[in-house]
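K.L.:
I'd like to ask some things about the structure below.
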Amino acid sequence: MLLPAQPAPASQPQLQEVLARSQQQQAGGSLRRVEDYPEQTDIGKVLTEDDLRELAQSARAQVQQDQLAFVDTFSRQLRALEEDLDPSLSSVWDPALDPVANDHTPFEQSKILSLVGSENAAVSKLLAVFTYDCNELRMMCRTAESRYFAALHTFGMSLGVPAPADTTGTTAPEAPATAPVTPVGQSTLYPDGDAQIAVAKILPLLFDLAGFLARINALVVNIIHQLAALYSSRSRKDAHFKQVHFLSVFDTIAHTLQMLFTLDVIIKHNDVLIDAWGKFSKMITVARRSPGSYSVAEDDLRRFEKIFQTIAGTIFDQNILGTLLELNFDHGDHVIDVTNNKLLRGVFYLAVELKTRALNTLFVSQATQSNTEFDERESLPGLLMLYEMYVRIYDDKDVKLFKQLWDVTKYAPVVTLYCNRVTYPPKILLNTARAYRFAITPSQFDSTKLAAAYLDGLTKTFSARVQHLSMQATAWMVRMESNLTSGPPQAAASAAPRRIGLDAILPERAGLIYQGISMANNASILFRNFVSLHTLMNRNPSGADFPALCRCIVVLKAIRNTFHRRSAVIGETISLMIEYLCRNVLRVLEVRKREFPQRSKMDPAKLDVLAALCVGMNMMRGCCTQQRRIAFRMAFSVFATQNTLKETDADMLLYLLRRIDALSDMDYMVQRVCTCDFLYWDRGVIYTYFSYVYKHFDLCTTLQYMLSALQDVLPMMNKSYHRPPTEVIAIFRNEVIAEVKKRILAPLQREIDTQLRFNCLHYLKPVNSNPLRDGVRDFPRLLSMKPLLFAGASIDLKALVGHYLDRTFYNNNTVALSDWRIYEEMRNVARDQYRIPMSEVHLPSQTHDQGIDVLEIMRNINVFVSRFDYNLNNQVFIERQSDSKTLNTIGIEHVANSIRTHGTGIMNTTVNATYQFLIRQFVRFSQFLYDEHIKARLYKDIKYFKEHRDEINCEYPFERAEKFNKDIRKLGLTDGNLSYLDRFRELITQIGNAMGYIRTVRSGGLLYSSNALKFMPDLRNIVDFEELVTKEKLSGETTTAAHNLDLSIDNLTQSFEGGFEYFSQLVDVFANEFRSAQNLHLRQFFVVVPALTLNFVDHILTAKEHLSKKASQLHQDGYMFTDDGFAIGVAYVLKLLDQSAEFDSLHWFEEVQKHYESQVLQAQARQREAAKGRSKQEKEEQETGIVLERKARGLFREFELLFYSFSSAKIFFDN
């Protein structure tokens, strides 16, 4: 660890300057220089003790200032080094990756009875009961949200997607070939077997949930009974408490009912869970009939059935909330009467009405003012549940209260319950009215029209509201960065330096925190309402609203990151902020307390109010835990109903309480309002935004915010039961990374590659564009971003683009090594213009006429033999068709150059690759001859030839070969208007081209060897250099060099003297299999050769005729002037089948010669006969004769060329 250097001791001149400054300050301007003192003067005698003390303090301050400056500079340098060395560093923090985090929630280990204890036993008992019940219900609601909601909501997530390979690491994996994650609620369900296993995994949680719900029901019943006992008309003791309205108790009940309603919505809308539970139930039914089939003992099955029935009856068979509402709240023997309690009914009604008025007032003010709403909207479903509970207990069908609630729902037609699960308050209210048969007119209460009207208004102002919210958030973040510093805020430049007290800092910081939570809540509500209402009304958002929609997400994550970034500074003063607000509360209460008379002069009601006031003050003097805040609200309900507080004081206390709640639960509230876990079910919006960002580079800085928003679902995935959380997260991570690469990285790579080619390849003509109209693509801005982080992986766009360019340039350069200068220029442009790190490419040198590389041909041998034609005499391959103005050719020189580049070992590799290719081709060859139509025709021709051998003079008839061609064509045509015989002829040609390629490679090897051995004087008498060096007793290095030289010469000599052994090897390796008894159907091949030759001659003539066409038609029709691969292929196959003699016995080429000679004689006779007359018809007949003669001579010429090529090819395979 580096430590700051120790300061050097002050020198004598420095000390004199310090003394001079000290004396100048003391003398008020009359300064005596140190030099005026005699050298022998003792400084300790000249200065007083105060001077020395001040001098020491000044020196100490100077040393501390120097050390702080050093530490600050050193920290900045370390940060810069860290940014340079760590490719995964990002300025956007990930709270999930923090090894240590601050928990700002107040905590204390105090019991409720000790907190609310006072001299007044009645007040203490009353406050303790309600505080305990409400506190436990609040904690259980938090437990349900953290333990049950996520597990039930994620059940079935990633269903049907296989588990990916482990891709956790610092770099992003390659784009996976996985299907998109299937969200819960879609049609994909578990198959039988998997459903039962998945339910078995979550069964312990469901059993725990059943017990949890039973406890919730018991607590709600108990708190209702406590209220009924308090407001009972039978009890006259402490009658003044009946005037107290514990509204916070009803708020807690409403909160609990909303939690149960949320559980209902999560379970009922999870189709996978419902379907899997049904299949599990059927399995239990079957197992009950035959336990032995499932290897389960009857006793164990009976015990399990009790657990199963408990879960089914509590969770699945009926509504969770309905179970609570249907309970009988009246205690037995009418000890506690709830239904007939008029006082409780009035308080219950008042609680619903007051809450309704408060929400209505808030929403109305929200329409005229901005940012007045905090989190009250989310309590609306709980209020409606509380209203339904009131109607259920007291059967009160008051339409007035119903209309008041309906007016409130107009401002909140949709409310988010959890994640992407929403509810529609107007529908809830209408369902309550229908269930209890309210006397209302249905046409006056149309939830669809209400939602449509709200959506229309929201759509009109959505972009403007988001823009305003974004500007507010930006200003808020600037204030947070400037205010929440490690020290007090800096004073204005014009003001004199002064110390700012905590009373000026704390309220501003508390207000900033509250404002940030409020803005985040508003942004979340805007997004969710916009998406949910469009889904409800089955509308598609307009393209103009899409940027504003995504801007909401950016605002949310920016606020979240601001809170996280300043969490350390917030943690320093959060307790002081809460204490400051509590002091303000105490200040109000102390004023009210002093107004009370002496205890002896107060009646019991006043004493109870005073006791409650003292309890409330005690709650504000300690740590503001949830227990204390609940107890204060209970005490507030007591002393606020006896005219103890003025209306302004009561409003001020409620205002301060909201601020205290927000600060005390800051971590929870920030996480709740800023989370974007709902985006998992709407992640198509984020994926579309990726494409949008690629079109607008100025928004590239928001990419990390979007990825952080998608990452908010990971804590929920970590609580999945049906599948290991690591698998679910890995599947989601791979999907998101694949989308980033597809929508941003891939087009970025292609476009940069294109731009580099336009800049360096001057013959390319770029598309005309107007920079003023189309803008300029600012690629460096996107490439300068730090690596994007998501779920433990990083996506470094610059590194990935550089890797793509390196790979592309290298692959293209290996195909055409002569272009090395162009690709090197493109690399330099990429480095200079885009700051992309490029790797150095070390390719071997080569000649300018190397052409296509042998390695490339070997890798694509099937493509090569189908696109190139072989010339037997020149040993050259000519490209059949090309999109450019030139044709590629492969000759002996090209192959020799490639062998010089890659070495002679490539020759054996080429033969092996050709062998594998021939295996595949011979499979197709065998399938053709095995076909019943082909086989029958060949047997028929063989039989005819044997039976009429003497009649036809042992010559295969030309007419039968023509008829064979026509009959095969009748069997059908393939794509490209080719018959099966055409395809078979192409197959034979490709086999021959492969053999021709082997011959060319061998010839190129001989050329390379001869060029390398041309300096050897005599190949028959080669000197052994190692022996000569050994005799001379030279050094070991020289001996090793001589040995390597001998090996190289031997290798070249063997390659040069090797001959054509490759052909014999390829004959020997296939011959035994071709001639085996299993392949007797191949023995008829020689009979099909005549028809093949006719087909080939027609094909080559047609191709040569295309040469006379225009150049624009050549690319479309195809053309050639040589195709000796067919002759080599026929000769090779005949050699494999040992049928050269059988084919010669057909005397086919003699028959062809006789046929065309007769055709020529007939055409000449026709011309002579037509020349005798002078009529027009006779002239046309003469011209026809000339055409026929020319055609016959042309066909015969092609047959002669084929005969010569075939005869030459047979020599290759002679023993």
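Residues in the structure tokens are numbered from 1 in each chain, the chains being A, B, ... in the order shown, and ligands are numbered from 1 in the order shown.
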Name the residues in contact with Leu502 of chain A at a cut-off of 10 Å, using only C-alpha atoms, excluding same-chain residues fewer than 5 positions from it; report them as a list in words.
P.N.:
Pro488, Pro507, Glu508, Thr573, Leu576, Met577 and Tyr580 of chain A
K.L.:
Grab the residues selected above and save them as an mmCIF file, in the first residue's frame with N, CA and C atoms.
P.N.:
data_model
loop_
_atom_site.group_PDB
_atom_site.id
_atom_site.type_symbol
_atom_site.label_atom_id
_atom_site.label_comp_id
_atom_site.auth_asym_id
_atom_site.auth_seq_id
_atom_site.Cartn_x
_atom_site.Cartn_y
_atom_site.Cartn_z
ATOM 1 N N PRO A 488 -20.065 21.305 4.385
ATOM 2 C CA PRO A 488 -21.196 22.206 4.168
ATOM 3 C C PRO A 488 -21.162 22.780 2.780
ATOM 4 N N PRO A 507 -32.926 20.921 6.631
ATOM 5 C CA PRO A 507 -34.225 20.985 5.952
ATOM 6 C C PRO A 507 -34.102 20.935 4.428
ATOM 7 N N GLU A 508 -33.040 21.538 3.902
ATOM 8 C CA GLU A 508 -32.875 21.506 2.443
ATOM 9 C C GLU A 508 -32.569 20.091 1.969
ATOM 10 N N THR A 573 -25.937 12.220 7.527
ATOM 11 C CA THR A 573 -26.847 13.214 8.098
ATOM 12 C C THR A 573 -28.296 12.758 8.129
ATOM 13 N N LEU A 576 -29.702 13.024 11.510
ATOM 14 C CA LEU A 576 -29.864 14.426 11.908
ATOM 15 C C LEU A 576 -31.070 15.046 11.224
ATOM 16 N N MET A 577 -31.338 14.657 9.981
ATOM 17 C CA MET A 577 -32.531 15.169 9.298
ATOM 18 C C MET A 577 -33.794 14.726 10.032
ATOM 19 N N TYR A 580 -34.108 16.555 13.211
ATOM 20 C CA TYR A 580 -34.534 17.940 12.980
ATOM 21 C C TYR A 580 -36.048 18.005 12.794
#
K.L.:
For atom CA of Leu354 of chain A and atom CA of Arg629 of chain A, determine how far apart the two atoms are, in Å to one decimal place.
P.N.:
20.8 Å
K.L.:
Give me the residues within 10 Å of Thr105 of chain A as a list in words, counting only C-alpha atoms and dropping any in the same chain fewer than 6 places off.
P.N.:
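Counting only C-alpha atoms, the residues come to Ile574, Ser575, Cys623, Cys624, Thr625, Gln626, Leu663, Ser664, Asp665, Met666, Asp667 and Tyr668 of chain A.
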K.L.:
Go ahead and dump the residues you just picked, N, CA, C and O atoms, as a compact mmCIF listing (two decimals), in the first residue's frame.
P.N.:
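And here's again_33.txt as it stands now:
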# COMPACT_ATOMS: atom_id res chain seq x y z
N ILE A 574 -28.60 11.52 7.74
CA ILE A 574 -30.00 11.10 7.70
C ILE A 574 -30.60 11.11 9.10
O ILE A 574 -31.76 11.52 9.28
N SER A 575 -29.82 10.67 10.06
CA SER A 575 -30.36 10.68 11.43
C SER A 575 -30.57 12.11 11.92
O SER A 575 -31.52 12.40 12.65
N CYS A 623 -35.35 7.13 18.56
CA CYS A 623 -35.13 6.69 17.17
C CYS A 623 -36.48 6.44 16.51
O CYS A 623 -37.31 5.69 17.03
N CYS A 624 -36.69 7.04 15.35
CA CYS A 624 -38.01 6.99 14.70
C CYS A 624 -38.19 5.67 13.96
O CYS A 624 -38.22 5.60 12.72
N THR A 625 -38.34 4.60 14.71
CA THR A 625 -38.63 3.31 14.11
C THR A 625 -40.10 3.25 13.70
O THR A 625 -40.90 4.15 14.00
N GLN A 626 -40.47 2.19 13.01
CA GLN A 626 -41.86 2.03 12.59
C GLN A 626 -42.77 1.93 13.80
O GLN A 626 -43.89 2.47 13.79
N LEU A 663 -38.15 9.73 5.13
CA LEU A 663 -36.74 9.62 5.48
C LEU A 663 -36.44 8.32 6.21
O LEU A 663 -35.39 7.71 6.00
N SER A 664 -37.35 7.91 7.10
CA SER A 664 -37.10 6.68 7.86
C SER A 664 -37.11 5.46 6.95
O SER A 664 -36.32 4.53 7.15
N ASP A 665 -38.02 5.43 5.98
CA ASP A 665 -38.10 4.31 5.04
C ASP A 665 -37.51 4.68 3.68
O ASP A 665 -37.97 4.22 2.64
N MET A 666 -36.48 5.53 3.68
CA MET A 666 -35.94 6.03 2.43
C MET A 666 -35.44 4.90 1.54
O MET A 666 -35.73 4.86 0.33
N ASP A 667 -34.69 3.95 2.07
CA ASP A 667 -34.14 2.86 1.25
C ASP A 667 -35.26 2.06 0.60
O ASP A 667 -35.20 1.76 -0.60
N TYR A 668 -36.27 1.72 1.39
CA TYR A 668 -37.38 0.93 0.84
C TYR A 668 -38.16 1.72 -0.21
O TYR A 668 -38.49 1.19 -1.27
K.L.:
Please provide the set of residues having any atom within 7 Å of segment 1004-1007 of chain A, restricted to only C-alpha atoms, with same-chain residues fewer than 3 positions apart removed, written as a list in words.
P.N.:
Ile892, Glu893, Val895, Ala896, Ile899, Thr1000, Val1001, Ser1010, Asn1011, Ser1055 and Phe1056 of chain A
K.L.:
Skip Pro547 of chain A itself and residues of its chain fewer than 6 positions away, then list as a PyMOL selection string all residues within 10 Å of it, counting only C-alpha atoms.
P.N.:
chain A and resi 463+466+689+692-693
K.L.:
Atom CA of Trp1148 of chain A and atom CA of Tyr956 of chain A, how far apart in Å?
P.N.:
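About the pair atom CA of Tyr956 of chain A and atom CA of Trp1148 of chain A: they are 5.8 Å apart.
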K.L.:
Got a sec: who's within 10 Å of Asp1098 of chain A, counting only C-alpha atoms, leaving out chain neighbours fewer than 6 positions off, as a list in words?
P.N.:
Leu1092, Leu1195 and Glu1198 of chain A
K.L.:
Considering only strand (DSSP E) as DSSP defines it on the backbone, what residues of segment 816-1049 of chain A qualify? List them as JSON, numbers by chain.
P.N.:
{"A": [868, 869, 870, 871, 876, 877, 878, 879, 889, 890, 973, 974, 978, 979]}
K.L.:
Please write the residues from the selection above to a file, keeping N, CA and C atoms, as a PDB file, in the first residue's frame.
P.N.:
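New file selection.pdb:
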ATOM      1  N   PHE A 868     -16.293 -24.125 -61.387  1.00  0.00           N
ATOM      2  CA  PHE A 868     -15.148 -24.016 -62.267  1.00  0.00           C
ATOM      3  C   PHE A 868     -15.153 -25.174 -63.269  1.00  0.00           C
ATOM      4  N   ASP A 869     -14.639 -24.904 -64.466  1.00  0.00           N
ATOM      5  CA  ASP A 869     -14.508 -25.919 -65.524  1.00  0.00           C
ATOM      6  C   ASP A 869     -13.032 -26.206 -65.745  1.00  0.00           C
ATOM      7  N   TYR A 870     -12.757 -27.481 -65.994  1.00  0.00           N
ATOM      8  CA  TYR A 870     -11.361 -27.924 -66.089  1.00  0.00           C
ATOM      9  C   TYR A 870     -10.980 -28.116 -67.543  1.00  0.00           C
ATOM     10  N   ASN A 871      -9.764 -27.663 -67.877  1.00  0.00           N
ATOM     11  CA  ASN A 871      -9.200 -27.896 -69.206  1.00  0.00           C
ATOM     12  C   ASN A 871      -8.050 -28.875 -69.062  1.00  0.00           C
ATOM     13  N   VAL A 876      -5.785 -26.073 -66.321  1.00  0.00           N
ATOM     14  CA  VAL A 876      -6.242 -24.817 -65.764  1.00  0.00           C
ATOM     15  C   VAL A 876      -7.744 -24.928 -65.492  1.00  0.00           C
ATOM     16  N   PHE A 877      -8.168 -24.328 -64.381  1.00  0.00           N
ATOM     17  CA  PHE A 877      -9.585 -24.225 -64.035  1.00  0.00           C
ATOM     18  C   PHE A 877     -10.053 -22.812 -64.366  1.00  0.00           C
ATOM     19  N   ILE A 878     -11.188 -22.707 -65.031  1.00  0.00           N
ATOM     20  CA  ILE A 878     -11.746 -21.415 -65.437  1.00  0.00           C
ATOM     21  C   ILE A 878     -13.111 -21.249 -64.781  1.00  0.00           C
ATOM     22  N   GLU A 879     -13.301 -20.115 -64.161  1.00  0.00           N
ATOM     23  CA  GLU A 879     -14.580 -19.834 -63.497  1.00  0.00           C
ATOM     24  C   GLU A 879     -15.697 -19.786 -64.536  1.00  0.00           C
ATOM     25  N   THR A 889      -9.093 -17.726 -62.642  1.00  0.00           N
ATOM     26  CA  THR A 889      -8.499 -18.950 -63.177  1.00  0.00           C
ATOM     27  C   THR A 889      -7.526 -19.528 -62.166  1.00  0.00           C
ATOM     28  N   ILE A 890      -7.434 -20.833 -62.136  1.00  0.00           N
ATOM     29  CA  ILE A 890      -6.521 -21.540 -61.243  1.00  0.00           C
ATOM     30  C   ILE A 890      -5.650 -22.441 -62.100  1.00  0.00           C
ATOM     31  N   LEU A 973     -38.623 -32.971 -64.214  1.00  0.00           N
ATOM     32  CA  LEU A 973     -37.549 -31.988 -64.245  1.00  0.00           C
ATOM     33  C   LEU A 973     -37.364 -31.391 -62.857  1.00  0.00           C
ATOM     34  N   THR A 974     -36.141 -31.092 -62.532  1.00  0.00           N
ATOM     35  CA  THR A 974     -35.831 -30.463 -61.251  1.00  0.00           C
ATOM     36  C   THR A 974     -35.795 -28.951 -61.433  1.00  0.00           C
ATOM     37  N   LEU A 978     -33.829 -29.028 -65.371  1.00  0.00           N
ATOM     38  CA  LEU A 978     -32.846 -30.082 -65.587  1.00  0.00           C
ATOM     39  C   LEU A 978     -33.499 -31.429 -65.364  1.00  0.00           C
ATOM     40  N   SER A 979     -33.147 -32.385 -66.220  1.00  0.00           N
ATOM     41  CA  SER A 979     -33.616 -33.751 -66.044  1.00  0.00           C
ATOM     42  C   SER A 979     -32.697 -34.472 -65.064  1.00  0.00           C
TER      43      SER A 979
END
K.L.:
Between atom CA of Arg1168 of chain A and atom CA of Glu1181 of chain A, measure the distance and give it in Å to one decimal.
P.N.:
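Spanning atom CA of Arg1168 of chain A to atom CA of Glu1181 of chain A is a straight-line distance of 10.1 Å.
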K.L.:
Using only C-alpha atoms, pick whichever of A:Leu383, A:Leu789, A:Cys582, A:Leu817 has the shortest atom-to-atom distance to Thr256 of chain A.
P.N.:
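Checking each candidate against Thr256 of chain A, we get A:Leu383 as the closest.
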K.L.:
Select from segment 391-556 of chain A everything DSSP, run on the backbone, classes as helix (DSSP H, G or I), then give the selection as a count of residues only.
P.N.:
115
